[in-house]
>>> print(open('my_file-v7.txt').read())   # compact mmCIF, C-alpha atoms and all ligand atoms
# COMPACT_ATOMS: atom_id res chain seq x y z
CA MET C 1 49.87 -20.95 -34.41
CA THR C 2 52.74 -20.53 -32.03
CA ALA C 3 52.97 -19.58 -28.41
CA SER C 4 54.27 -16.20 -29.49
CA LEU C 5 50.91 -15.31 -31.00
CA THR C 6 48.75 -16.23 -28.09
CA GLY C 7 50.96 -17.03 -25.12
CA PRO C 8 52.75 -15.04 -22.44
CA HIS C 9 54.65 -12.96 -25.00
CA ALA C 10 51.56 -11.55 -26.69
CA THR C 11 51.22 -7.74 -26.56
CA PRO C 12 50.10 -6.71 -23.08
CA HIS C 13 46.77 -4.90 -22.83
CA ILE C 14 47.20 -1.25 -23.76
CA PRO C 15 44.53 1.28 -24.75
CA GLU C 16 43.46 1.37 -28.41
CA SER C 17 44.75 4.95 -28.79
CA ALA C 18 48.29 3.89 -27.85
CA TYR C 19 48.62 1.81 -31.02
CA ALA C 20 50.20 3.23 -34.13
CA ILE C 21 48.99 0.27 -36.17
CA ARG C 22 46.26 -2.26 -35.47
CA THR C 23 44.87 -4.76 -37.93
CA ARG C 24 42.24 -7.43 -37.54
CA GLY C 25 41.66 -10.06 -40.20
CA LEU C 26 43.34 -7.82 -42.77
CA SER C 27 43.28 -9.57 -46.15
CA LYS C 28 44.09 -8.81 -49.76
CA SER C 29 43.53 -11.20 -52.64
CA TYR C 30 44.51 -10.72 -56.27
CA PRO C 31 43.07 -12.56 -59.25
CA GLY C 32 45.58 -15.27 -60.12
CA PRO C 33 46.00 -17.41 -63.25
CA GLU C 34 43.03 -19.39 -64.60
CA GLY C 35 40.41 -17.90 -62.29
CA THR C 36 42.35 -18.64 -59.08
CA LEU C 37 42.92 -16.16 -56.25
CA THR C 38 46.30 -15.20 -54.78
CA HIS C 39 45.88 -14.52 -51.07
CA ALA C 40 48.71 -12.00 -50.74
CA VAL C 41 47.65 -11.07 -47.20
CA ASP C 42 45.44 -13.47 -45.32
CA GLY C 43 43.71 -12.59 -42.03
CA LEU C 44 46.51 -10.50 -40.54
CA ASP C 45 46.25 -9.39 -36.88
CA LEU C 46 49.00 -6.91 -36.03
CA ASP C 47 49.49 -4.68 -32.97
CA VAL C 48 52.19 -2.04 -33.10
CA PRO C 49 52.28 0.38 -30.15
CA GLN C 50 53.32 3.98 -30.80
CA GLY C 51 57.03 4.67 -30.72
CA GLU C 52 57.94 1.08 -31.46
CA THR C 53 60.47 -0.06 -34.05
CA PHE C 54 58.73 -3.03 -35.60
CA ALA C 55 60.42 -5.46 -37.98
CA PHE C 56 58.21 -7.17 -40.53
CA LEU C 57 59.92 -10.24 -41.91
CA GLY C 58 59.01 -12.86 -44.45
CA PRO C 59 60.37 -14.79 -47.43
CA ASN C 60 60.04 -13.33 -50.95
CA GLY C 61 56.41 -13.09 -51.95
CA ALA C 62 55.18 -13.48 -48.35
CA GLY C 63 52.99 -10.38 -48.53
CA LYS C 64 55.14 -7.68 -46.90
CA SER C 65 54.85 -5.01 -49.60
CA THR C 66 51.13 -5.67 -49.99
CA THR C 67 50.69 -5.21 -46.24
CA ILE C 68 52.55 -1.89 -46.39
CA ALA C 69 50.40 -0.77 -49.33
CA LEU C 70 47.25 -1.62 -47.32
CA LEU C 71 48.53 0.17 -44.20
CA CYS C 72 49.43 3.28 -46.23
CA ALA C 73 45.96 3.27 -47.82
CA LEU C 74 47.47 2.74 -51.27
CA ALA C 75 45.51 -0.50 -51.77
CA ARG C 76 42.07 -1.51 -50.53
CA PRO C 77 41.74 -4.60 -48.31
CA THR C 78 39.54 -7.41 -49.58
CA ALA C 79 38.48 -8.13 -45.99
CA GLY C 80 39.25 -7.11 -42.42
CA HIS C 81 40.23 -3.70 -41.18
CA ALA C 82 43.23 -1.64 -40.15
CA THR C 83 43.80 1.53 -38.17
CA VAL C 84 46.97 3.55 -38.70
CA ALA C 85 47.78 6.56 -36.50
CA GLY C 86 44.19 6.45 -35.27
CA ALA C 87 42.59 6.54 -38.73
CA ASP C 88 40.76 3.69 -40.44
CA VAL C 89 42.39 2.86 -43.79
CA LEU C 90 39.03 2.31 -45.50
CA ALA C 91 36.96 5.06 -43.90
CA ARG C 92 39.67 7.78 -43.79
CA PRO C 93 42.35 6.94 -46.37
CA HIS C 94 43.38 10.61 -46.89
CA GLU C 95 43.97 11.01 -43.18
CA VAL C 96 46.08 7.81 -43.16
CA ARG C 97 48.17 9.07 -46.07
CA ARG C 98 48.78 12.37 -44.26
CA GLN C 99 49.98 10.54 -41.16
CA VAL C 100 52.39 8.07 -42.78
CA GLY C 101 55.76 8.43 -44.45
CA MET C 102 57.04 5.85 -46.90
CA LEU C 103 60.47 4.79 -47.96
CA PHE C 104 60.41 2.46 -50.93
CA GLN C 105 63.21 0.32 -52.25
CA HIS C 106 63.79 2.67 -55.19
CA SER C 107 64.69 6.29 -54.65
CA ALA C 108 62.51 9.04 -56.08
CA MET C 109 65.27 11.66 -56.09
CA ASP C 110 66.46 13.62 -59.13
CA PRO C 111 70.23 12.94 -59.29
CA ASP C 112 71.02 16.27 -60.94
CA LEU C 113 69.34 18.42 -58.30
CA THR C 114 70.89 19.10 -54.91
CA ALA C 115 69.73 17.37 -51.74
CA ASP C 116 68.02 20.57 -50.65
CA GLN C 117 66.31 21.18 -54.01
CA ASN C 118 64.95 17.63 -54.07
CA LEU C 119 63.50 17.97 -50.59
CA TYR C 120 62.02 21.38 -51.36
CA ILE C 121 60.23 20.03 -54.44
CA HIS C 122 58.87 17.03 -52.53
CA ALA C 123 57.72 19.27 -49.69
CA ARG C 124 55.83 21.42 -52.19
CA LEU C 125 54.29 18.26 -53.66
CA TYR C 126 53.08 17.43 -50.15
CA GLY C 127 51.31 20.80 -50.22
CA LEU C 128 53.59 22.73 -47.88
CA SER C 129 53.87 26.50 -48.43
CA ARG C 130 57.17 27.84 -49.85
CA ARG C 131 58.38 29.05 -46.45
CA HIS C 132 57.31 25.90 -44.64
CA ALA C 133 58.86 23.70 -47.35
CA ARG C 134 62.20 25.51 -47.01
CA ARG C 135 62.13 25.19 -43.24
CA ARG C 136 61.21 21.50 -43.30
CA ALA C 137 63.93 20.71 -45.87
CA THR C 138 66.49 22.27 -43.52
CA GLU C 139 65.09 20.43 -40.48
CA VAL C 140 64.98 16.96 -42.04
CA LEU C 141 68.46 17.36 -43.55
CA GLU C 142 69.70 18.04 -40.03
CA LEU C 143 67.76 15.03 -38.69
CA VAL C 144 69.57 12.64 -41.03
CA GLY C 145 72.97 14.31 -40.66
CA LEU C 146 73.21 15.75 -44.17
CA THR C 147 73.26 19.48 -43.48
CA ASP C 148 76.82 19.83 -44.78
CA ARG C 149 75.82 18.13 -48.06
CA ARG C 150 72.68 20.15 -48.67
CA CYS C 151 74.11 21.82 -51.77
CA SER C 152 75.57 18.62 -53.26
CA PRO C 153 73.88 17.16 -56.34
CA VAL C 154 72.34 13.82 -55.35
CA ARG C 155 74.50 11.94 -57.87
CA THR C 156 77.60 12.93 -55.87
CA LEU C 157 76.29 11.41 -52.60
CA SER C 158 77.27 7.94 -51.42
CA GLY C 159 74.65 5.15 -51.37
CA GLY C 160 74.22 5.51 -47.61
CA MET C 161 73.77 9.28 -47.86
CA ARG C 162 71.16 8.83 -50.60
CA ARG C 163 69.26 6.42 -48.37
CA ARG C 164 69.34 8.94 -45.54
CA LEU C 165 68.09 11.57 -47.97
CA ASP C 166 65.22 9.22 -48.90
CA ILE C 167 64.42 8.92 -45.19
CA ALA C 168 64.52 12.73 -44.92
CA ARG C 169 62.01 12.93 -47.78
CA GLY C 170 59.72 10.51 -45.95
CA LEU C 171 59.85 12.78 -42.90
CA LEU C 172 59.01 16.08 -44.63
CA HIS C 173 55.37 16.14 -43.56
CA ALA C 174 56.23 14.98 -39.99
CA PRO C 175 54.48 11.60 -40.26
CA ARG C 176 53.55 9.70 -37.11
CA VAL C 177 54.36 6.34 -38.67
CA LEU C 178 57.25 5.73 -41.06
CA PHE C 179 57.17 2.65 -43.33
CA LEU C 180 60.57 1.56 -44.57
CA ASP C 181 60.75 -1.20 -47.17
CA GLU C 182 64.29 -2.65 -46.96
CA PRO C 183 65.91 0.68 -46.10
CA THR C 184 69.48 -0.65 -46.12
CA THR C 185 69.49 -3.19 -48.96
CA GLY C 186 72.60 -2.79 -51.08
CA LEU C 187 74.48 -0.66 -48.55
CA ASP C 188 77.83 -1.57 -47.03
CA PRO C 189 77.91 -2.36 -43.27
CA TYR C 190 79.17 1.13 -42.35
CA ALA C 191 76.43 2.90 -44.31
CA ARG C 192 73.82 0.50 -42.87
CA ALA C 193 74.96 1.28 -39.34
CA GLN C 194 74.69 5.00 -40.06
CA VAL C 195 71.17 4.69 -41.45
CA TRP C 196 70.15 2.82 -38.31
CA GLU C 197 71.81 5.35 -36.06
CA HIS C 198 69.59 8.03 -37.58
CA LEU C 199 66.48 5.86 -37.42
CA ARG C 200 67.07 5.19 -33.72
CA ALA C 201 67.63 8.91 -33.07
CA LEU C 202 64.35 9.61 -34.84
CA ARG C 203 62.54 7.19 -32.58
CA ASP C 204 64.23 8.42 -29.41
CA ARG C 205 63.86 12.15 -30.11
CA HIS C 206 60.47 12.22 -31.80
CA GLY C 207 58.78 9.01 -30.67
CA SER C 208 58.24 8.02 -34.32
CA THR C 209 56.88 4.56 -35.01
CA LEU C 210 59.02 2.68 -37.52
CA PHE C 211 57.66 -0.27 -39.50
CA VAL C 212 60.61 -1.88 -41.25
CA THR C 213 61.12 -4.79 -43.61
CA THR C 214 64.63 -6.17 -43.80
CA HIS C 215 66.57 -9.23 -44.84
CA TYR C 216 69.34 -8.51 -42.32
CA LEU C 217 69.15 -10.52 -39.10
CA GLU C 218 71.12 -8.09 -36.98
CA GLU C 219 68.76 -5.27 -37.95
CA ALA C 220 65.69 -7.27 -36.94
CA GLU C 221 67.50 -8.22 -33.74
CA ASN C 222 67.73 -4.55 -32.78
CA CYS C 223 64.02 -3.86 -33.28
CA ASP C 224 61.61 -3.75 -30.34
CA ARG C 225 59.39 -6.44 -31.81
CA ILE C 226 59.19 -8.63 -34.87
CA ALA C 227 56.38 -10.16 -36.88
CA ILE C 228 57.02 -12.99 -39.32
CA ILE C 229 54.64 -13.45 -42.23
CA ASP C 230 54.60 -16.44 -44.56
CA ARG C 231 52.23 -16.97 -47.50
CA GLY C 232 50.19 -13.98 -46.34
CA ARG C 233 49.70 -15.30 -42.81
CA LEU C 234 51.21 -14.15 -39.55
CA VAL C 235 53.21 -17.03 -38.11
CA ALA C 236 54.90 -15.30 -35.16
CA GLN C 237 54.91 -11.97 -33.38
CA GLY C 238 56.97 -10.93 -30.34
CA THR C 239 60.22 -9.48 -29.05
CA PRO C 240 63.42 -10.99 -30.49
CA VAL C 241 64.18 -12.59 -27.11
CA ALA C 242 60.67 -14.03 -26.71
CA LEU C 243 60.65 -15.46 -30.21
CA LYS C 244 63.98 -17.18 -29.61
CA THR C 245 62.89 -18.45 -26.20
CA ASP C 246 59.68 -19.84 -27.70
CA ILE C 247 61.48 -22.18 -30.09
CA GLY C 248 63.76 -23.33 -27.26
CA ASP C 249 66.06 -25.62 -29.18
CA ASP C 250 69.81 -25.13 -29.22
CA ARG C 251 71.77 -26.07 -32.32
CA VAL C 252 74.33 -28.80 -31.58
CA VAL C 253 76.93 -29.21 -34.33
CA LEU C 254 79.57 -31.95 -34.49
CA SER C 255 82.33 -31.93 -37.06
CA THR C 256 83.50 -35.53 -37.37
CA SER C 257 85.75 -37.88 -39.35
CA ASP C 258 82.67 -39.61 -40.80
CA ASP C 259 79.54 -37.43 -40.83
CA VAL C 260 77.38 -40.10 -42.46
CA THR C 261 78.00 -42.66 -39.71
CA ALA C 262 77.83 -39.90 -37.09
CA GLN C 263 74.42 -38.82 -38.40
CA ARG C 264 73.15 -42.39 -37.97
CA VAL C 265 74.53 -42.63 -34.41
CA VAL C 266 73.08 -39.27 -33.39
CA ARG C 267 69.78 -40.27 -34.98
CA ARG C 268 69.59 -43.31 -32.72
CA MET C 269 70.30 -41.26 -29.60
CA ALA C 270 68.08 -38.26 -30.25
CA PRO C 271 64.35 -38.12 -29.51
CA SER C 272 62.36 -39.49 -32.42
CA ASN C 273 60.79 -36.12 -33.31
CA ARG C 274 64.13 -34.46 -34.09
CA ASP C 275 65.58 -34.00 -37.57
CA ILE C 276 69.29 -34.71 -37.74
CA THR C 277 70.89 -32.89 -40.65
CA VAL C 278 74.32 -32.75 -42.22
CA ASP C 279 75.55 -29.51 -43.71
CA SER C 280 78.89 -27.86 -44.36
CA ASP C 281 79.41 -27.40 -40.59
CA GLY C 282 78.90 -31.10 -39.79
CA VAL C 283 76.13 -33.10 -38.15
CA CYS C 284 73.43 -30.92 -36.60
CA LEU C 285 70.87 -31.74 -33.93
CA ARG C 286 68.34 -29.19 -32.62
CA ALA C 287 67.43 -29.87 -29.02
CA PRO C 288 66.86 -28.06 -25.71
CA ASP C 289 69.89 -27.80 -23.40
CA GLY C 290 72.31 -28.48 -26.24
CA SER C 291 75.54 -28.43 -24.23
CA ALA C 292 74.35 -31.42 -22.16
CA TRP C 293 74.21 -33.47 -25.36
CA ILE C 294 77.82 -32.95 -26.38
CA PRO C 295 79.62 -35.33 -23.93
CA ARG C 296 77.04 -38.07 -24.50
CA LEU C 297 77.23 -37.78 -28.29
CA CYS C 298 81.03 -37.65 -28.26
CA ALA C 299 81.20 -40.81 -26.12
CA ALA C 300 78.77 -42.65 -28.39
CA LEU C 301 80.65 -41.59 -31.53
CA GLU C 302 83.96 -42.69 -30.06
CA GLY C 303 82.33 -46.07 -29.40
CA HIS C 304 81.55 -46.28 -33.14
CA GLY C 305 85.10 -45.33 -34.14
CA VAL C 306 84.12 -41.83 -35.31
CA ALA C 307 86.49 -39.01 -34.29
CA VAL C 308 84.92 -35.68 -33.29
CA HIS C 309 87.04 -32.74 -34.51
CA ALA C 310 84.84 -29.96 -33.08
CA ALA C 311 81.58 -29.69 -31.19
CA SER C 312 79.43 -26.68 -30.35
CA ALA C 313 76.02 -25.88 -28.90
CA THR C 314 74.53 -22.48 -29.70
CA ALA C 315 71.35 -20.82 -28.51
CA PRO C 316 68.72 -20.18 -31.20
CA THR C 317 69.33 -17.21 -33.47
CA LEU C 318 66.67 -15.19 -35.23
CA ASP C 319 67.49 -17.14 -38.36
CA ASP C 320 66.60 -20.31 -36.44
CA VAL C 321 63.33 -18.64 -35.45
CA PHE C 322 62.65 -17.72 -39.07
CA PHE C 323 63.60 -21.22 -40.21
CA HIS C 324 61.37 -22.76 -37.53
CA HIS C 325 58.31 -20.80 -38.68
CA THR C 326 58.82 -20.69 -42.44
CA GLY C 327 61.10 -23.64 -43.24
CA ARG C 328 63.45 -21.19 -44.95
CA SER C 329 66.41 -19.01 -44.07
CA LEU C 330 65.89 -15.28 -43.62
CA HIS C 331 68.41 -14.78 -46.40
CA ALA C 332 65.61 -15.50 -48.80
CA THR C 333 67.77 -15.34 -51.88
CA GLN C 334 69.82 -18.26 -50.58
CA PRO C 335 68.42 -21.75 -50.21
CA ALA C 336 68.02 -22.65 -46.55
CA ARG C 337 71.04 -24.36 -44.99
CA THR C 338 72.16 -26.20 -48.09
CA PRO C 339 73.57 -28.65 -48.86
CA THR C 340 71.49 -30.51 -46.31
CA THR C 341 70.47 -34.13 -46.09
CA THR C 342 68.02 -35.48 -43.57
CA VAL C 343 67.97 -38.98 -42.13
CA PRO C 344 64.40 -40.29 -41.90
CA ARG C 345 63.05 -40.07 -38.37
CA ALA C 346 63.61 -43.22 -36.29
CA THR C 347 60.69 -45.06 -34.83
CA THR C 348 60.36 -44.84 -31.04
CA SER C 349 61.79 -48.31 -30.57
CA GLU C 350 64.94 -47.33 -32.47
CA ALA C 351 65.60 -44.29 -30.31
CA GLU C 352 67.85 -44.83 -27.38
CA GLY C 353 68.82 -42.24 -24.82
CA GLY C 354 66.15 -39.79 -26.00
CA ARG C 355 64.86 -37.31 -23.50
N1 LIG I 1 49.19 -6.39 -58.17
C1 LIG I 1 49.28 -7.71 -57.98
N2 LIG I 1 48.57 -8.56 -58.75
C2 LIG I 1 48.62 -9.91 -58.57
N3 LIG I 1 49.37 -10.50 -57.62
C3 LIG I 1 50.11 -9.71 -56.82
C4 LIG I 1 50.10 -8.29 -56.97
N4 LIG I 1 50.94 -7.76 -56.02
C5 LIG I 1 51.44 -8.80 -55.32
N5 LIG I 1 50.93 -9.98 -55.81
C6 LIG I 1 51.22 -11.32 -55.29
O1 LIG I 1 50.98 -11.30 -53.90
C7 LIG I 1 51.96 -12.07 -53.19
C8 LIG I 1 52.64 -11.20 -52.16
O2 LIG I 1 53.44 -10.22 -52.83
P1 LIG I 1 54.25 -9.08 -52.05
O3 LIG I 1 54.90 -8.22 -53.08
O4 LIG I 1 53.36 -8.42 -51.07
O5 LIG I 1 55.35 -9.95 -51.27
P2 LIG I 1 56.66 -9.47 -50.51
O6 LIG I 1 56.69 -10.21 -49.21
O7 LIG I 1 56.73 -7.98 -50.43
O8 LIG I 1 57.81 -10.01 -51.45
P3 LIG I 1 59.33 -9.47 -51.69
O9 LIG I 1 60.10 -9.76 -50.42
O10 LIG I 1 59.77 -10.33 -52.82
O11 LIG I 1 59.25 -8.01 -52.03
C9 LIG I 1 52.90 -12.62 -54.26
O12 LIG I 1 52.46 -13.93 -54.58
C10 LIG I 1 52.71 -11.68 -55.42
O13 LIG I 1 52.95 -12.32 -56.63
>>> encode(input="my_file-v7.txt", output="C-alpha cells")
Amino acid sequence: MTASLTGPHATPHIPESAYAIRTRGLSKSYPGPEGTLTHAVDGLDLDVPQGETFAFLGPNGAGKSTTIALLCALARPTAGHATVAGADVLARPHEVRRQVGMLFQHSAMDPDLTADQNLYIHARLYGLSRRHARRRATEVLELVGLTDRRCSPVRTLSGGMRRRLDIARGLLHAPRVLFLDEPTTGLDPYARAQVWEHLRALRDRHGSTLFVTTHYLEEAENCDRIAIIDRGRLVAQGTPVALKTDIGDDRVVLSTSDDVTAQRVVRRMAPSNRDITVDSDGVCLRAPDGSAWIPRLCAALEGHGVAVHAASATAPTLDDVFFHHTGRSLHATQPARTPTTTVPRATTSEAEGGR
C-alpha cells in the first residue's frame, strides 16, 4: 500500500450522499483453467465524489472493464459492495442502470442512419416517449457540438465526430454518472482534444461525474483524480499532483561516451536501494532532488575518463507513477522502458557518496 491510499492525500471526509461512486471490498472472480479462480477485481475501495472526472488506469487485464461492469450493474460482485449514484448495485441494479451512461470501446451506431435517427432509436430503446426522444436527441447533439451534422449518415462522420455521437447516446437518459471506456482510443490528437473539450463542458455545465479509462497520460493528467489498478487490486488513488509527489524521485539521465562504465560509476555513488538503468536516453538514476546529483556525477565520470554529452533531471511524470506502482509503462502495448539493463544493486560497503 502506498501513502496515496492512506496518507495525507486520501479523500477528505465528505458525506456519503456526496459520492457518485463508493466501493468497499468490491471483488469479482471468474473460474479459471483447471479449477483455478481469476481474481479480476480484488477488494477494491474506491471513492469518487459527485462532479469529479476520475481516471481509472491499469495495464491490460488489470480489471478495469470488469470494474465498470460491476459499477453499471451488468455483472454481480463475488464479494464486497458498491453504491453508484446513491443506489446499491446488488440491491437496486435497475436503479443503477437508470442512473449511469456507458460508452464502450465499440460503437453501437448504425452507419447508414443519420446521427439524429440513431439517437432517436436509442432514446426509444431507453423507454423515452416519441416527443421526449426527439427533444433529447436534439439536446444531446447540441451538447456534443454535432447539431449541424444531425442529418448526416453516421458513415460520413469523422472518427472524432462518431465518438462524440457515442457520448451523446450515453447522455440520452440524462445519467448522473458516465462511464467511458477508452473514449479516445484510435483518434488523432485534434479529435481527442475535441472529445475532451465536450467532456469538460459536460462536467462544468451539468456537474456530471465522469469515470474514464485511458491509455493516454495527458488525459489522465487532466482528470481531477486517478486510481491505478493492477491485477485487480487498487495500488494508488489520488490527484495527479499528489501521486507524483508521493513517489518523490526525479529521473536523472546522463548521455555519455561509455554508458556501461558510466552505469558502474553511478552505481557506486548512488544509494544502495536505487536501480541504475541504461536505456536509449543513456544512464538513468531515480532519486530525490535530481538536479543536485548532476554536478557530482559529471565530476566522477570525468575522473573515470567518461565524457558526458547531455545531462537532465526531470520531475516524476504520471508514467513514472504508473511504472512505480505496476512495474510497467502506461503505454501497456509497449514493453516498459526497453531496452533496459539493470546493474545489480551494490552492497552498502560498495556505495560511496550515497545520501
Ligand atoms: N467473463 C470472463 N471470464 C473469465 N475471465 C474473465 C472474464 N472477463 C474478464 N476476465 C479476466 O479478468 C481479468 C481482468 O479483465 P478485464 O477485462 O477487466 O481487464 P482490463 O483492465 O479491462 O483489460 P484491458 O485493458 O485489456 O481491456 C483478466 O485476467 C481477464 O482475462
>>> residues_near_ligand(input="my_file-v7.txt", ligand="ligand LIG 1 (chain I)", cutoff="6 Å", atoms="only C-alpha atoms and all ligand atoms", output="list in words")
Tyr30, Ala40, Gly58, Pro59, Asn60, Gly61, Ala62, Gly63, Lys64, Ser65 and Thr66 of chain C
>>> closest_atom_pairs(input="my_file-v7.txt", of="region 59-140 of chain C", to="region 162-185 of chain C", cutoff="12 Å", atoms="all atoms listed in the file", output="CSV")
residue,atom,partner,partner_atom,distance
C:Lys64,CA,C:Asp181,CA,8.6
C:Ser65,CA,C:Asp181,CA,7.4
C:Thr66,CA,C:Asp181,CA,11.0
C:Thr67,CA,C:Phe179,CA,10.6
C:Ile68,CA,C:Phe179,CA,7.2
C:Ala69,CA,C:Phe179,CA,9.7
C:Leu70,CA,C:Phe179,CA,11.5
C:Leu71,CA,C:Phe179,CA,9.0
C:Cys72,CA,C:Phe179,CA,8.3
C:Thr83,CA,C:Val177,CA,11.6
C:Val84,CA,C:Val177,CA,7.9
C:Ala85,CA,C:Arg176,CA,6.6
C:Gly86,CA,C:Arg176,CA,10.1
C:Ala87,CA,C:Arg176,CA,11.5
C:Glu95,CA,C:Pro175,CA,10.9
C:Val96,CA,C:Val177,CA,9.5
C:Arg97,CA,C:Pro175,CA,8.9
C:Arg98,CA,C:Pro175,CA,7.0
C:Gln99,CA,C:Pro175,CA,4.7
C:Val100,CA,C:Pro175,CA,4.8
C:Gly101,CA,C:Leu178,CA,4.6
C:Met102,CA,C:Phe179,CA,4.8
C:Leu103,CA,C:Leu180,CA,4.7
C:Phe104,CA,C:Asp181,CA,5.3
C:Gln105,CA,C:Asp181,CA,5.8
C:His106,CA,C:Asp166,CA,9.2
C:Ser107,CA,C:Asp166,CA,6.5
C:Ala108,CA,C:Asp166,CA,7.7
C:Met109,CA,C:Asp166,CA,7.6
C:Asp110,CA,C:Arg162,CA,10.9
C:Pro111,CA,C:Arg162,CA,9.7
C:Thr114,CA,C:Leu165,CA,10.6
C:Ala115,CA,C:Leu165,CA,7.1
C:Asp116,CA,C:Leu165,CA,9.4
C:Gln117,CA,C:Arg169,CA,11.2
C:Asn118,CA,C:Arg169,CA,8.4
C:Leu119,CA,C:Arg169,CA,6.0
C:Tyr120,CA,C:Leu172,CA,9.1
C:Ile121,CA,C:Arg169,CA,9.9
C:His122,CA,C:Arg169,CA,7.0
C:Ala123,CA,C:Leu172,CA,6.1
C:Arg124,CA,C:Leu172,CA,9.8
C:Leu125,CA,C:His173,CA,10.4
C:Tyr126,CA,C:His173,CA,7.1
C:Gly127,CA,C:His173,CA,9.1
C:Leu128,CA,C:His173,CA,8.1
C:Ser129,CA,C:His173,CA,11.5
C:His132,CA,C:Leu172,CA,10.0
C:Ala133,CA,C:Leu172,CA,8.1
C:Arg134,CA,C:Leu172,CA,10.2
C:Arg135,CA,C:Leu172,CA,9.7
C:Arg136,CA,C:Leu172,CA,6.0
C:Ala137,CA,C:Leu172,CA,6.9
C:Thr138,CA,C:Leu172,CA,9.8
C:Glu139,CA,C:Leu172,CA,8.6
C:Val140,CA,C:Ala168,CA,5.1
>>> write_last_selection(input="my_file-v7.txt", atoms="C-alpha atoms", output="tab-separated table (two decimals), keeping the file's coordinate frame")
chain	number	residue	atom	x	y	z
C	64	LYS	CA	55.14	-7.68	-46.90
C	65	SER	CA	54.85	-5.01	-49.60
C	66	THR	CA	51.13	-5.67	-49.99
C	67	THR	CA	50.69	-5.21	-46.24
C	68	ILE	CA	52.55	-1.89	-46.39
C	69	ALA	CA	50.40	-0.77	-49.33
C	70	LEU	CA	47.25	-1.62	-47.32
C	71	LEU	CA	48.53	0.17	-44.20
C	72	CYS	CA	49.43	3.28	-46.23
C	83	THR	CA	43.80	1.53	-38.17
C	84	VAL	CA	46.97	3.55	-38.70
C	85	ALA	CA	47.78	6.56	-36.50
C	86	GLY	CA	44.19	6.45	-35.27
C	87	ALA	CA	42.59	6.54	-38.73
C	95	GLU	CA	43.97	11.01	-43.18
C	96	VAL	CA	46.08	7.81	-43.16
C	97	ARG	CA	48.17	9.07	-46.07
C	98	ARG	CA	48.78	12.37	-44.26
C	99	GLN	CA	49.98	10.54	-41.16
C	100	VAL	CA	52.39	8.07	-42.78
C	101	GLY	CA	55.76	8.43	-44.45
C	102	MET	CA	57.04	5.85	-46.90
C	103	LEU	CA	60.47	4.79	-47.96
C	104	PHE	CA	60.41	2.46	-50.93
C	105	GLN	CA	63.21	0.32	-52.25
C	106	HIS	CA	63.79	2.67	-55.19
C	107	SER	CA	64.69	6.29	-54.65
C	108	ALA	CA	62.51	9.04	-56.08
C	109	MET	CA	65.27	11.66	-56.09
C	110	ASP	CA	66.46	13.62	-59.13
C	111	PRO	CA	70.23	12.94	-59.29
C	114	THR	CA	70.89	19.10	-54.91
C	115	ALA	CA	69.73	17.37	-51.74
C	116	ASP	CA	68.02	20.57	-50.65
C	117	GLN	CA	66.31	21.18	-54.01
C	118	ASN	CA	64.95	17.63	-54.07
C	119	LEU	CA	63.50	17.97	-50.59
C	120	TYR	CA	62.02	21.38	-51.36
C	121	ILE	CA	60.23	20.03	-54.44
C	122	HIS	CA	58.87	17.03	-52.53
C	123	ALA	CA	57.72	19.27	-49.69
C	124	ARG	CA	55.83	21.42	-52.19
C	125	LEU	CA	54.29	18.26	-53.66
C	126	TYR	CA	53.08	17.43	-50.15
C	127	GLY	CA	51.31	20.80	-50.22
C	128	LEU	CA	53.59	22.73	-47.88
C	129	SER	CA	53.87	26.50	-48.43
C	132	HIS	CA	57.31	25.90	-44.64
C	133	ALA	CA	58.86	23.70	-47.35
C	134	ARG	CA	62.20	25.51	-47.01
C	135	ARG	CA	62.13	25.19	-43.24
C	136	ARG	CA	61.21	21.50	-43.30
C	137	ALA	CA	63.93	20.71	-45.87
C	138	THR	CA	66.49	22.27	-43.52
C	139	GLU	CA	65.09	20.43	-40.48
C	140	VAL	CA	64.98	16.96	-42.04
>>> closest_residue(input="my_file-v7.txt", among="C:Ser29, C:Thr38, C:Leu199, C:Phe322", to="Gln237 (chain C)", atoms="all atoms listed in the file")
C:Phe322
>>> residues_around(input="my_file-v7.txt", residues="Ala82 (chain C)", least_positions_apart="4", cutoff="7 Å", atoms="only C-alpha atoms", output="list of chain:residue names")
C:Arg22, C:Thr23, C:Arg24, C:Leu26, C:Leu71, C:Asp88, C:Val89
>>> atom_distance(input="my_file-v7.txt", atom1="CA of Leu210 (chain C)", atom2="CA of Leu90 (chain C)")
21.5 Å
>>> closest_residue(input="my_file-v7.txt", among="C:Thr78, C:Pro240, C:Ser255, C:Leu285", to="Val308 (chain C)", atoms="all atoms listed in the file")
C:Ser255
>>> axis_aligned_box(input="my_file-v7.txt", around="region 169-174 of chain C", padding_each_side="8 Å", output="AutoDock Vina command-line options")
--center_x 58.7 --center_y 13.3 --center_z -43.9 --size_x 22.6 --size_y 21.6 --size_z 23.8
>>> atom_distance(input="my_file-v7.txt", atom1="CA of Ala242 (chain C)", atom2="CA of Ala18 (chain C)")
21.8 Å
>>> atom_distance(input="my_file-v7.txt", atom1="CA of Ala299 (chain C)", atom2="CA of Val252 (chain C)")
14.9 Å
>>> closest_residue(input="my_file-v7.txt", among="C:Ile276, C:Ala75, C:Leu37, C:Leu318", to="Thr239 (chain C)", atoms="all atoms listed in the file")
C:Leu318
>>> closest_residue(input="my_file-v7.txt", among="C:Ala300, C:Asn222, C:Phe323, C:Asp45", to="Arg268 (chain C)", atoms="only C-alpha atoms")
C:Ala300
>>> residues_around(input="my_file-v7.txt", residues="Val260 (chain C)", least_positions_apart="3", cutoff="9 Å", atoms="all atoms listed in the file", output="PyMOL selection string")
chain C and resi 263-265+278+283
>>> closest_residue(input="my_file-v7.txt", among="C:Arg231, C:Arg225, C:Arg92, C:Arg251", to="Val48 (chain C)", atoms="only C-alpha atoms")
C:Arg225
>>> closest_residue(input="my_file-v7.txt", among="C:Ala311, C:Leu217, C:Val266, C:Ile21", to="Leu330 (chain C)", atoms="all atoms listed in the file")
C:Leu217
>>> residues_around(input="my_file-v7.txt", residues="Ala310 (chain C)", least_positions_apart="2", cutoff="10 Å", atoms="all atoms listed in the file", output="list in words")
Val253, Leu254, Ser255, Thr256, Asp281, Gly282, Cys298, Ala307, Val308 and Ser312 of chain C
